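Source file: my_file.cif. Holds: mmCIF, C-alpha atoms.
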data_final
loop_
_atom_site.label_atom_id
_atom_site.label_comp_id
_atom_site.auth_asym_id
_atom_site.auth_seq_id
_atom_site.Cartn_x
_atom_site.Cartn_y
_atom_site.Cartn_z
CA MET A 14 -189.42 137.95 182.96
CA ARG A 15 -192.11 135.82 184.48
CA LEU A 16 -195.41 135.29 182.70
CA SER A 17 -198.53 135.17 184.80
CA LEU A 18 -201.92 134.01 183.58
CA SER A 19 -205.30 134.81 184.91
CA PRO A 20 -207.42 131.86 186.04
CA ALA A 21 -209.70 132.39 183.04
CA CYS A 22 -206.83 132.27 180.56
CA ALA A 23 -205.37 129.21 182.23
CA GLY A 24 -208.73 127.52 181.93
CA ILE A 25 -208.92 128.33 178.25
CA LEU A 26 -205.45 126.87 177.66
CA LEU A 27 -206.38 123.67 179.50
CA LEU A 28 -209.54 123.37 177.43
CA ILE A 29 -207.67 123.84 174.17
CA SER A 30 -204.93 121.36 175.07
CA GLY A 31 -207.51 118.89 176.29
CA CYS A 32 -209.41 119.07 172.99
CA ALA A 33 -206.20 118.66 171.03
CA ALA A 34 -205.29 115.57 173.01
CA HIS A 35 -208.79 114.22 172.48
CA ARG A 36 -208.56 114.77 168.73
CA VAL A 37 -205.29 112.86 168.57
CA SER A 38 -206.69 109.90 170.51
CA VAL A 39 -209.81 109.79 168.34
CA ALA A 40 -207.74 109.89 165.16
CA SER A 41 -205.51 107.10 166.44
CA ALA A 42 -208.49 104.99 167.41
CA ALA A 43 -210.06 105.46 163.98
CA LEU A 44 -207.08 103.85 162.23
CA PRO A 45 -206.84 100.08 162.84
CA ALA A 46 -203.40 98.58 163.27
CA PRO A 47 -201.97 97.05 160.07
CA VAL A 48 -202.13 93.59 161.62
CA VAL A 49 -205.87 94.03 162.16
CA VAL A 50 -206.33 95.19 158.56
CA THR A 51 -204.41 92.16 157.28
CA ASP A 52 -206.38 89.77 159.49
CA THR A 53 -209.67 91.31 158.38
CA VAL A 54 -209.01 90.91 154.66
CA ARG A 55 -207.81 87.31 155.04
CA GLU A 56 -210.08 85.77 157.68
CA ALA A 57 -213.07 87.40 155.99
CA LEU A 58 -213.42 88.69 152.44
CA PRO A 59 -213.01 92.48 152.14
CA ASN A 60 -215.61 92.88 149.35
CA ASP A 61 -213.49 95.84 148.24
CA TYR A 62 -211.06 94.79 145.55
CA LEU A 63 -208.39 96.59 143.55
CA ARG A 64 -207.23 95.38 140.14
CA VAL A 65 -204.59 97.04 137.98
CA SER A 66 -203.56 96.13 134.44
CA PHE A 67 -201.85 97.71 131.45
CA LEU A 68 -203.57 97.32 128.10
CA PRO A 69 -202.76 98.43 124.54
CA ALA A 70 -204.51 101.57 123.32
CA GLY A 71 -207.92 100.83 121.86
CA VAL A 72 -208.64 97.80 124.06
CA THR A 73 -211.73 98.37 126.22
CA ALA A 74 -212.13 96.48 129.47
CA THR A 75 -215.70 95.28 130.01
CA THR A 76 -215.00 92.32 132.31
CA LEU A 77 -212.58 91.81 135.19
CA SER A 78 -210.17 89.78 133.05
CA ARG A 79 -209.91 89.11 129.34
CA PRO A 80 -213.03 87.73 127.62
CA GLY A 81 -213.19 83.95 127.85
CA ALA A 82 -211.23 83.63 131.10
CA LEU A 83 -213.00 82.09 134.08
CA ARG A 84 -211.30 84.02 136.88
CA ALA A 85 -209.46 87.25 137.59
CA PHE A 86 -206.94 88.21 140.25
CA ALA A 87 -207.42 91.20 142.52
CA THR A 88 -205.99 92.50 145.77
CA ALA A 89 -207.65 94.06 148.83
CA THR A 90 -208.18 97.82 148.51
CA PRO A 91 -207.63 98.54 152.26
CA LEU A 92 -204.02 97.38 151.90
CA TYR A 93 -203.26 100.32 149.58
CA SER A 94 -204.18 103.24 151.80
CA PRO A 95 -202.40 105.63 151.87
CA PRO A 96 -201.87 105.30 148.11
CA LEU A 97 -198.62 104.26 146.45
CA GLU A 98 -196.92 105.71 143.40
CA LEU A 99 -197.91 103.85 140.26
CA GLN A 100 -194.34 102.74 139.64
CA ASP A 101 -194.33 100.87 142.97
CA LEU A 102 -197.84 99.46 143.26
CA PRO A 103 -197.82 96.68 140.60
CA TYR A 104 -194.75 94.96 142.05
CA TYR A 105 -196.73 93.91 145.11
CA SER A 106 -199.11 91.97 142.86
CA GLY A 107 -196.33 90.29 140.94
CA LEU A 108 -196.65 92.74 138.02
CA VAL A 109 -194.56 95.60 136.66
CA ASN A 110 -195.37 99.15 135.70
CA ASP A 111 -195.70 99.68 131.93
CA ASP A 112 -195.23 103.27 130.85
CA LYS A 113 -196.04 102.46 127.21
CA ASN A 114 -199.54 101.09 127.68
CA VAL A 115 -202.85 102.37 129.06
CA LEU A 116 -203.34 101.96 132.79
CA VAL A 117 -206.68 100.34 133.64
CA ALA A 118 -207.47 100.52 137.35
CA MET A 119 -210.62 99.09 138.91
CA ARG A 120 -212.03 99.33 142.39
CA CYS A 121 -214.77 96.75 142.78
CA GLN A 122 -217.30 96.49 145.60
CA PRO A 123 -219.72 93.76 144.48
CA PRO A 124 -223.34 94.51 145.44
CA ASN A 125 -223.97 90.75 145.41
CA PRO A 126 -220.76 89.03 146.61
CA ALA A 127 -221.99 85.62 145.46
CA THR A 128 -221.83 86.85 141.87
CA VAL A 129 -218.04 87.13 141.95
CA ASP A 130 -217.51 84.10 144.25
CA ALA A 131 -214.29 85.68 145.55
CA VAL A 132 -211.88 83.48 147.49
CA LEU A 133 -208.47 84.06 148.99
CA ALA A 134 -206.03 82.73 146.40
CA THR A 135 -204.75 79.62 148.17
CA TRP A 136 -204.25 76.30 146.42
CA PRO A 137 -207.04 74.60 148.42
CA ASN A 138 -209.42 77.42 147.46
CA VAL A 139 -208.32 77.25 143.82
CA PHE A 140 -209.05 73.52 143.68
CA LEU A 141 -212.52 74.11 145.14
CA ALA A 142 -213.20 77.00 142.74
CA ILE A 143 -212.26 74.86 139.75
CA GLN A 144 -214.84 72.28 140.79
CA ARG A 145 -217.51 75.00 140.91
CA ASP A 146 -216.43 76.50 137.59
CA VAL A 147 -216.14 73.17 135.75
CA PRO A 148 -218.97 70.90 136.95
CA LEU A 149 -218.39 67.22 136.29
CA ASP A 150 -220.63 64.21 135.95
CA ALA A 151 -220.24 61.64 138.70
CA GLY A 152 -218.19 59.27 136.53
CA ALA A 153 -216.25 61.86 134.55
CA CYS A 154 -212.96 61.17 136.30
CA GLY A 155 -213.19 57.41 135.92
CA THR A 156 -212.16 57.39 132.27
CA GLU A 157 -209.32 59.04 130.39
CA THR A 158 -210.08 62.25 128.53
CA ALA A 159 -208.14 64.63 126.32
CA ASN A 160 -210.18 67.61 127.49
CA PRO A 161 -207.84 69.82 129.60
CA ALA A 162 -210.77 71.41 131.45
CA THR A 163 -212.02 68.01 132.58
CA GLN A 164 -208.48 66.87 133.38
CA THR A 165 -207.90 69.93 135.55
CA ALA A 166 -211.25 69.55 137.32
CA CYS A 167 -210.50 65.91 138.05
CA PHE A 168 -207.06 66.87 139.36
CA ALA A 169 -208.75 69.43 141.63
CA ARG A 170 -211.34 66.92 142.81
CA ALA A 171 -208.63 64.43 143.78
CA PHE A 172 -206.93 66.90 146.14
CA SER A 173 -207.33 66.19 149.84
CA ASP A 174 -206.46 68.47 152.74
CA PRO A 175 -206.36 66.45 155.97
CA PRO A 176 -205.64 68.27 159.24
CA GLU A 177 -202.08 67.95 160.53
CA THR A 178 -200.38 68.74 163.83
CA ALA A 179 -197.28 70.18 162.12
CA VAL A 180 -197.56 73.22 159.83
CA PRO A 181 -194.63 72.21 157.55
CA THR A 182 -196.15 68.76 157.02
CA SER A 183 -199.53 70.20 156.03
CA LEU A 184 -198.02 72.78 153.70
CA ALA A 185 -195.64 70.22 152.17
CA HIS A 186 -198.61 68.01 151.28
CA THR A 187 -200.44 70.86 149.53
CA PHE A 188 -197.44 72.30 147.71
CA SER A 189 -196.23 68.89 146.61
CA TYR A 190 -199.62 68.20 145.05
CA ALA A 191 -199.80 71.62 143.38
CA GLY A 192 -196.19 71.36 142.24
CA ALA A 193 -197.09 68.32 140.12
CA LEU A 194 -198.93 70.75 137.80
CA TYR A 195 -195.56 72.05 136.66
CA THR A 196 -194.13 68.72 135.60
CA PRO A 197 -194.08 67.64 131.93
CA ASP A 198 -196.88 65.11 132.53
CA HIS A 199 -199.29 67.90 133.50
CA ALA A 200 -198.28 70.61 131.04
CA ALA A 201 -201.80 70.78 129.56
CA LEU A 202 -203.28 71.43 132.99
CA ALA A 203 -200.78 74.20 133.73
CA LYS A 204 -201.66 75.80 130.39
CA TRP A 205 -205.39 75.59 131.21
CA LEU A 206 -204.81 77.32 134.55
CA GLN A 207 -202.81 80.04 132.82
CA ASP A 208 -205.46 80.68 130.18
CA ASN A 209 -208.52 80.48 132.41
CA TYR A 210 -207.33 81.58 135.86
CA GLY A 211 -204.26 83.68 135.12
CA ILE A 212 -202.23 81.27 137.26
CA TYR A 213 -198.58 81.19 136.21
CA PRO A 214 -195.58 79.51 137.88
CA ALA A 215 -195.18 82.72 139.94
CA PHE A 216 -198.43 81.90 141.77
CA ALA A 217 -197.64 80.92 145.37
CA GLY A 218 -201.05 79.62 146.42
CA THR A 219 -200.60 81.04 149.92
CA GLY A 220 -203.11 83.84 149.52
CA TYR A 221 -200.21 86.26 149.05
CA SER A 222 -198.80 87.46 145.75
CA VAL A 223 -195.02 87.35 145.58
CA LYS A 224 -193.50 90.78 145.09
CA ASP A 225 -191.10 91.03 142.13
CA SER A 226 -192.15 87.61 140.83
CA TYR A 227 -192.93 88.97 137.35
CA SER A 228 -189.31 88.27 136.35
CA LEU A 229 -189.18 84.84 138.00
CA SER A 230 -188.34 83.06 134.73
CA THR A 231 -185.14 85.09 134.34
CA GLN A 232 -184.49 85.85 138.01
CA PRO A 233 -185.29 82.68 140.02
CA MET A 234 -185.98 83.02 143.74
CA THR A 235 -185.11 80.89 146.72
CA SER A 236 -187.85 79.81 149.13
CA GLN A 237 -186.47 82.36 151.59
CA GLN A 238 -186.91 85.17 149.04
CA ILE A 239 -190.42 83.98 148.15
CA LEU A 240 -191.51 83.90 151.78
CA VAL A 241 -190.04 87.33 152.53
CA LYS A 242 -191.68 88.87 149.45
CA SER A 243 -195.14 87.43 150.17
CA VAL A 244 -196.72 90.72 151.21
CA SER A 245 -200.01 91.56 149.50
CA SER A 246 -203.12 89.40 149.87
CA GLU A 247 -204.66 88.29 146.58
CA TYR A 248 -208.02 86.87 145.58
CA ILE A 249 -209.56 85.16 142.58
CA LEU A 250 -212.96 86.39 141.43
CA LYS A 251 -215.26 85.12 138.73
CA ASN A 252 -214.66 86.93 135.47
CA VAL A 253 -217.95 88.80 135.40
CA SER A 254 -218.81 92.18 133.89
CA LEU A 255 -217.61 95.34 135.60
CA SER A 256 -221.22 96.18 136.37
CA GLU A 257 -221.88 92.82 138.05
CA ALA A 258 -218.71 93.20 140.10
CA GLY A 259 -219.69 96.71 141.23
CA CYS A 260 -216.56 98.23 139.70
CA ARG A 261 -215.55 101.82 139.25
CA CYS A 262 -212.90 101.95 136.55
CA ILE A 263 -210.48 104.48 135.07
CA SER A 264 -208.20 104.24 132.05
CA VAL A 265 -205.18 106.51 131.91
CA ALA A 266 -203.09 106.87 128.75
CA PRO A 267 -199.34 107.35 129.15
CA TYR A 268 -198.17 110.86 130.03
CA PRO A 269 -194.86 112.25 131.33
CA GLY A 270 -194.52 111.53 135.03
CA ARG A 271 -197.44 109.07 135.26
CA SER A 272 -195.33 106.49 137.05
CA SER A 273 -194.50 108.90 139.88
CA ASP A 274 -198.13 109.89 140.49
CA ARG A 275 -200.06 108.05 143.18
CA LEU A 276 -202.89 105.66 142.36
CA ASP A 277 -205.52 106.47 144.97
CA PRO A 278 -208.43 103.99 145.23
CA ASP A 279 -210.66 106.88 146.35
CA PHE A 280 -209.81 108.70 143.13
CA ILE A 281 -210.92 105.64 141.16
CA THR A 282 -214.22 105.78 143.05
CA ARG A 283 -214.71 109.49 142.33
CA ALA A 284 -213.51 109.65 138.74
CA GLY A 285 -214.23 106.12 137.51
CA GLY A 286 -217.16 105.04 135.43
CA ASP A 287 -219.86 103.01 137.14
CA GLY A 288 -219.59 99.57 135.56
CA ALA A 289 -217.48 100.94 132.72
CA CYS A 290 -214.01 102.41 132.29
CA THR A 291 -213.84 106.19 132.04
CA SER A 292 -210.81 107.81 130.44
CA VAL A 293 -209.08 110.40 132.63
CA GLN A 294 -206.17 112.56 131.53
CA ARG A 295 -204.01 111.94 134.57
CA LEU A 296 -203.98 110.54 138.07
CA GLU A 297 -204.91 112.85 140.92
CA ASP A 298 -202.07 115.07 142.13
CA HIS A 299 -201.07 114.25 145.72
CA SER A 300 -198.00 116.49 145.76
CA GLN A 301 -199.67 119.17 147.89
#

Kindly transcribe the structure held in the file into structure tokens.
Amino acid sequence: MRLSLSPACAGILLLISGCAAHRVSVASAALPAPVVVTDTVREALPNDYLRVSFLPAGVTATTLSRPGALRAFATATPLYSPPLELQDLPYYSGLVNDDKNVLVAMRCQPPNPATVDAVLATWPNVFLAIQRDVPLDAGACGTETANPATQTACFARAFSDPPETAVPTSLAHTFSYAGALYTPDHAALAKWLQDNYGIYPAFAGTGYSVKDSYSLSTQPMTSQQILVKSVSSEYILKNVSLSEAGCRCISVAPYPGRSSDRLDPDFITRAGGDGACTSVQRLEDHSQ
């Protein structure tokens, strides 16, 4: 049987299909390609940061990192949309999910970016940040000192980053200099970086955190593995109050199935306290 349509009906169908096609093209245009997202959060600061940690019950987060630290690590929120399950998300920042402790998740959009002094977490940026965080007198590095803060600042000041015509040569210079921090002669400096910046031997200094690097001490990686697992951009911010950093924050006590629920940055914005951590019973359900 043949189906015939009147001119009016045919016109309606063309209009409907045309609108549908238009909606698809608009939706596609509204979503930037992943490579554009990555370039945007690295060439320029995103000013939209995501930080996840797991704290013992009863510990209240009032600053980005622990009290007394100078800096805190965070990643770029746009990289985590659509949201991941909680059990998967921390690995990209070199952490692991902890079902026994309270999840503390912050989404920070600093109203005054200079307050947090965020920088992409590369070794050259770290060395510059140290010099801002630990001001030195002009002659401070000319004499020996037992102060690890001064020693680290002098080490940072002595770093040079000349332009090169070969990428491996330039990177080798930087990584060779940074690698000296993990020799016995510089153990005090490595400890200072750990205590004040949260920089451990798993820190790459490329601006990317190394996925699965939390277990590096027991599961060493080759350079090939490290390069392949360098996925998520990371930043170091001044350890200011949640309010100064423009953070919305939630704390979520353990509950059955928490690890398989998704951690949506938009949920943190909606349910989180403004400049303080608000306790929520569970993460938002994305199963439907």

Chain and number of each residue from the PyMOL selection byres ((chain A and resi 70-83) around 7), as a list in words: Leu68, Pro69, Arg84, Ala85, Asn114, Val115, Asp208, Asn209, Tyr210, Lys251, Asn252, Val253, Ser254, Leu255, Ala289 and Cys290 of chain A

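For the pair CA of Thr90 in chain A and CA of Pro278 in chain A, the interatomic distance is 7.0 Å.
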
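Reported to one decimal place, the separation of CA of Gly259 in chain A from CA of Ala217 in chain A is 27.4 Å.
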
Can you list, as a list of chain:residue names, the residues that the PyMOL selection byres ((chain A and resi 87) around 7) selects here?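 Checking the PyMOL selection byres ((chain A and resi 87) around 7) against this file, the residues are A:Tyr62, A:Leu63, A:Arg64, A:Ala85, A:Phe86, A:Thr88, A:Ala89, A:Glu247, A:Tyr248, A:Ile249.
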
Return as an NGL selection string the set of residues that the PyMOL selection byres ((chain A and resi 219-236) around 10) yields on the displayed structure. :A and (55 or 86-88 or 102-109 or 132-138 or 184 or 188 or 213-218 or 237-249)

Since we have the selection now, will you write its residues out, keeping C-alpha atoms, as a tab-separated table (two decimals), in the frame of the given file?
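Final output, selection.tsv:
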chain	number	residue	atom	x	y	z
A	55	ARG	CA	-207.81	87.31	155.04
A	86	PHE	CA	-206.94	88.21	140.25
A	87	ALA	CA	-207.42	91.20	142.52
A	88	THR	CA	-205.99	92.50	145.77
A	102	LEU	CA	-197.84	99.46	143.26
A	103	PRO	CA	-197.82	96.68	140.60
A	104	TYR	CA	-194.75	94.96	142.05
A	105	TYR	CA	-196.73	93.91	145.11
A	106	SER	CA	-199.11	91.97	142.86
A	107	GLY	CA	-196.33	90.29	140.94
A	108	LEU	CA	-196.65	92.74	138.02
A	109	VAL	CA	-194.56	95.60	136.66
A	132	VAL	CA	-211.88	83.48	147.49
A	133	LEU	CA	-208.47	84.06	148.99
A	134	ALA	CA	-206.03	82.73	146.40
A	135	THR	CA	-204.75	79.62	148.17
A	136	TRP	CA	-204.25	76.30	146.42
A	137	PRO	CA	-207.04	74.60	148.42
A	138	ASN	CA	-209.42	77.42	147.46
A	184	LEU	CA	-198.02	72.78	153.70
A	188	PHE	CA	-197.44	72.30	147.71
A	213	TYR	CA	-198.58	81.19	136.21
A	214	PRO	CA	-195.58	79.51	137.88
A	215	ALA	CA	-195.18	82.72	139.94
A	216	PHE	CA	-198.43	81.90	141.77
A	217	ALA	CA	-197.64	80.92	145.37
A	218	GLY	CA	-201.05	79.62	146.42
A	237	GLN	CA	-186.47	82.36	151.59
A	238	GLN	CA	-186.91	85.17	149.04
A	239	ILE	CA	-190.42	83.98	148.15
A	240	LEU	CA	-191.51	83.90	151.78
A	241	VAL	CA	-190.04	87.33	152.53
A	242	LYS	CA	-191.68	88.87	149.45
A	243	SER	CA	-195.14	87.43	150.17
A	244	VAL	CA	-196.72	90.72	151.21
A	245	SER	CA	-200.01	91.56	149.50
A	246	SER	CA	-203.12	89.40	149.87
A	247	GLU	CA	-204.66	88.29	146.58
A	248	TYR	CA	-208.02	86.87	145.58
A	249	ILE	CA	-209.56	85.16	142.58

Please identify all polymer residues within 12 Å of Ser183 in chain A, counting only C-alpha atoms, omitting same-chain residues fewer than 6 positions from it, and present them as a PDB file with C-alpha atoms, in the frame of the given file.
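Written out: result-v3.pdb:
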ATOM      1  CA  PRO A 137    -207.040  74.600 148.420  1.00  0.00           C
ATOM      2  CA  SER A 173    -207.330  66.190 149.840  1.00  0.00           C
ATOM      3  CA  ASP A 174    -206.460  68.470 152.740  1.00  0.00           C
ATOM      4  CA  PRO A 175    -206.360  66.450 155.970  1.00  0.00           C
ATOM      5  CA  PRO A 176    -205.640  68.270 159.240  1.00  0.00           C
ATOM      6  CA  GLU A 177    -202.080  67.950 160.530  1.00  0.00           C
ATOM      7  CA  SER A 189    -196.230  68.890 146.610  1.00  0.00           C
ATOM      8  CA  TYR A 190    -199.620  68.200 145.050  1.00  0.00           C
TER       9      TYR A 190
END

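With all atoms listed in the file as the basis for measurement, A:Thr165 is the residue among A:Thr165, A:Ser94, A:Thr291, A:Thr53 that approaches Trp205 in chain A most closely.
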
For Ser273 in chain A, which of A:Gly192, A:Pro148, A:Pro96, A:Pro124 is the closest residue, counting all atoms listed in the file?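 Nearest candidate to Ser273 in chain A out of A:Gly192, A:Pro148, A:Pro96, A:Pro124: A:Pro96.
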
Kindly give the distance, in Å, that separates CA of Gly288 in chain A and CA of Ala131 in chain A, rounded to a single decimal.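 That distance, rounded to one decimal, is 17.9 Å.
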
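Proximity ranking of A:Val54, A:Ala153, A:Leu194, A:Met119 relative to Ile281 in chain A places A:Met119 first, based on all atoms listed in the file.
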
Show which residues sit within 8 Å of Thr282 in chain A, as a PDB file with C-alpha atoms, in the coordinates of the input. Count all atoms listed in the file, and ignore same-chain residues fewer than 3 positions away.
ATOM      1  CA  ARG A 120    -212.030  99.330 142.390  1.00  0.00           C
ATOM      2  CA  ARG A 261    -215.550 101.820 139.250  1.00  0.00           C
ATOM      3  CA  CYS A 262    -212.900 101.950 136.550  1.00  0.00           C
ATOM      4  CA  PRO A 278    -208.430 103.990 145.230  1.00  0.00           C
ATOM      5  CA  ASP A 279    -210.660 106.880 146.350  1.00  0.00           C
ATOM      6  CA  GLY A 285    -214.230 106.120 137.510  1.00  0.00           C
TER       7      GLY A 285
END

List the spatial neighbours of Ala193 in chain A as a count of residues only - criterion: any atom at most 12 Å away, all atoms listed in the file, same-chain residues fewer than 3 positions off excluded. 18

Selection: 8 Å around Ser292 in chain A, only C-alpha atoms, excl. self and same-chain fewer than 3 positions, as a PyMOL selection string: chain A and resi 263-266

Some atoms are missing, so please complete range 46-56 of chain A with all heavy atoms and return it as a PDB file, in the frame of the given file.
ATOM      1  N   ALA A  46    -204.786  98.995 163.458  1.00  0.00           N
ATOM      2  CA  ALA A  46    -203.400  98.580 163.270  1.00  0.00           C
ATOM      3  C   ALA A  46    -203.282  97.743 162.001  1.00  0.00           C
ATOM      4  O   ALA A  46    -204.208  97.012 161.643  1.00  0.00           O
ATOM      5  CB  ALA A  46    -202.950  97.756 164.479  1.00  0.00           C
ATOM      6  N   PRO A  47    -202.140  97.836 161.311  1.00  0.00           N
ATOM      7  CA  PRO A  47    -201.970  97.050 160.070  1.00  0.00           C
ATOM      8  C   PRO A  47    -202.236  95.566 160.248  1.00  0.00           C
ATOM      9  O   PRO A  47    -202.763  94.920 159.353  1.00  0.00           O
ATOM     10  CB  PRO A  47    -200.501  97.324 159.708  1.00  0.00           C
ATOM     11  CG  PRO A  47    -200.220  98.678 160.263  1.00  0.00           C
ATOM     12  CD  PRO A  47    -201.001  98.741 161.554  1.00  0.00           C
ATOM     13  N   VAL A  48    -201.893  95.022 161.415  1.00  0.00           N
ATOM     14  CA  VAL A  48    -202.130  93.590 161.620  1.00  0.00           C
ATOM     15  C   VAL A  48    -203.621  93.285 161.647  1.00  0.00           C
ATOM     16  O   VAL A  48    -204.058  92.212 161.188  1.00  0.00           O
ATOM     17  CB  VAL A  48    -201.449  93.129 162.934  1.00  0.00           C
ATOM     18  CG1 VAL A  48    -202.127  93.714 164.168  1.00  0.00           C
ATOM     19  CG2 VAL A  48    -201.428  91.611 163.026  1.00  0.00           C
ATOM     20  N   VAL A  49    -204.420  94.225 162.153  1.00  0.00           N
ATOM     21  CA  VAL A  49    -205.870  94.030 162.160  1.00  0.00           C
ATOM     22  C   VAL A  49    -206.420  94.113 160.745  1.00  0.00           C
ATOM     23  O   VAL A  49    -207.290  93.330 160.345  1.00  0.00           O
ATOM     24  CB  VAL A  49    -206.551  95.078 163.068  1.00  0.00           C
ATOM     25  CG1 VAL A  49    -208.069  94.955 162.982  1.00  0.00           C
ATOM     26  CG2 VAL A  49    -206.086  94.910 164.505  1.00  0.00           C
ATOM     27  N   VAL A  50    -205.905  95.066 159.954  1.00  0.00           N
ATOM     28  CA  VAL A  50    -206.330  95.190 158.560  1.00  0.00           C
ATOM     29  C   VAL A  50    -206.029  93.905 157.800  1.00  0.00           C
ATOM     30  O   VAL A  50    -206.874  93.361 157.085  1.00  0.00           O
ATOM     31  CB  VAL A  50    -205.630  96.381 157.878  1.00  0.00           C
ATOM     32  CG1 VAL A  50    -205.965  96.418 156.390  1.00  0.00           C
ATOM     33  CG2 VAL A  50    -206.047  97.692 158.540  1.00  0.00           C
ATOM     34  N   THR A  51    -204.813  93.395 157.977  1.00  0.00           N
ATOM     35  CA  THR A  51    -204.410  92.160 157.280  1.00  0.00           C
ATOM     36  C   THR A  51    -205.291  90.993 157.700  1.00  0.00           C
ATOM     37  O   THR A  51    -205.745  90.207 156.862  1.00  0.00           O
ATOM     38  CB  THR A  51    -202.938  91.849 157.581  1.00  0.00           C
ATOM     39  OG1 THR A  51    -202.122  92.932 157.138  1.00  0.00           O
ATOM     40  CG2 THR A  51    -202.509  90.571 156.864  1.00  0.00           C
ATOM     41  N   ASP A  52    -205.541  90.856 159.001  1.00  0.00           N
ATOM     42  CA  ASP A  52    -206.380  89.770 159.490  1.00  0.00           C
ATOM     43  C   ASP A  52    -207.793  89.868 158.934  1.00  0.00           C
ATOM     44  O   ASP A  52    -208.393  88.864 158.537  1.00  0.00           O
ATOM     45  CB  ASP A  52    -206.418  89.792 161.013  1.00  0.00           C
ATOM     46  CG  ASP A  52    -207.251  88.658 161.589  1.00  0.00           C
ATOM     47  OD1 ASP A  52    -206.912  87.490 161.331  1.00  0.00           O
ATOM     48  OD2 ASP A  52    -208.247  88.945 162.259  1.00  0.00           O
ATOM     49  N   THR A  53    -208.305  91.097 158.854  1.00  0.00           N
ATOM     50  CA  THR A  53    -209.670  91.310 158.380  1.00  0.00           C
ATOM     51  C   THR A  53    -209.840  90.888 156.938  1.00  0.00           C
ATOM     52  O   THR A  53    -210.837  90.262 156.567  1.00  0.00           O
ATOM     53  CB  THR A  53    -210.067  92.792 158.536  1.00  0.00           C
ATOM     54  OG1 THR A  53    -209.977  93.156 159.916  1.00  0.00           O
ATOM     55  CG2 THR A  53    -211.486  93.031 158.047  1.00  0.00           C
ATOM     56  N   VAL A  54    -208.859  91.215 156.086  1.00  0.00           N
ATOM     57  CA  VAL A  54    -209.010  90.910 154.660  1.00  0.00           C
ATOM     58  C   VAL A  54    -208.661  89.473 154.323  1.00  0.00           C
ATOM     59  O   VAL A  54    -208.848  89.037 153.193  1.00  0.00           O
ATOM     60  CB  VAL A  54    -208.173  91.874 153.788  1.00  0.00           C
ATOM     61  CG1 VAL A  54    -208.587  93.306 154.018  1.00  0.00           C
ATOM     62  CG2 VAL A  54    -206.675  91.692 154.026  1.00  0.00           C
ATOM     63  N   ARG A  55    -208.145  88.710 155.310  1.00  0.00           N
ATOM     64  CA  ARG A  55    -207.810  87.310 155.040  1.00  0.00           C
ATOM     65  C   ARG A  55    -208.789  86.358 155.731  1.00  0.00           C
ATOM     66  O   ARG A  55    -209.233  85.379 155.136  1.00  0.00           O
ATOM     67  CB  ARG A  55    -206.375  87.015 155.488  1.00  0.00           C
ATOM     68  CG  ARG A  55    -205.344  87.730 154.627  1.00  0.00           C
ATOM     69  CD  ARG A  55    -203.929  87.404 155.060  1.00  0.00           C
ATOM     70  NE  ARG A  55    -203.566  86.021 154.825  1.00  0.00           N
ATOM     71  CZ  ARG A  55    -203.161  85.537 153.656  1.00  0.00           C
ATOM     72  NH1 ARG A  55    -203.087  86.317 152.598  1.00  0.00           N
ATOM     73  NH2 ARG A  55    -202.828  84.262 153.529  1.00  0.00           N
ATOM     74  N   GLU A  56    -209.132  86.620 156.982  1.00  0.00           N
ATOM     75  CA  GLU A  56    -210.080  85.770 157.680  1.00  0.00           C
ATOM     76  C   GLU A  56    -211.487  85.923 157.102  1.00  0.00           C
ATOM     77  O   GLU A  56    -212.280  84.991 157.089  1.00  0.00           O
ATOM     78  CB  GLU A  56    -210.093  86.114 159.176  1.00  0.00           C
ATOM     79  CG  GLU A  56    -208.816  85.735 159.909  1.00  0.00           C
ATOM     80  CD  GLU A  56    -208.753  84.267 160.281  1.00  0.00           C
ATOM     81  OE1 GLU A  56    -209.724  83.536 160.010  1.00  0.00           O
ATOM     82  OE2 GLU A  56    -207.721  83.853 160.847  1.00  0.00           O
TER      83      GLU A  56
END
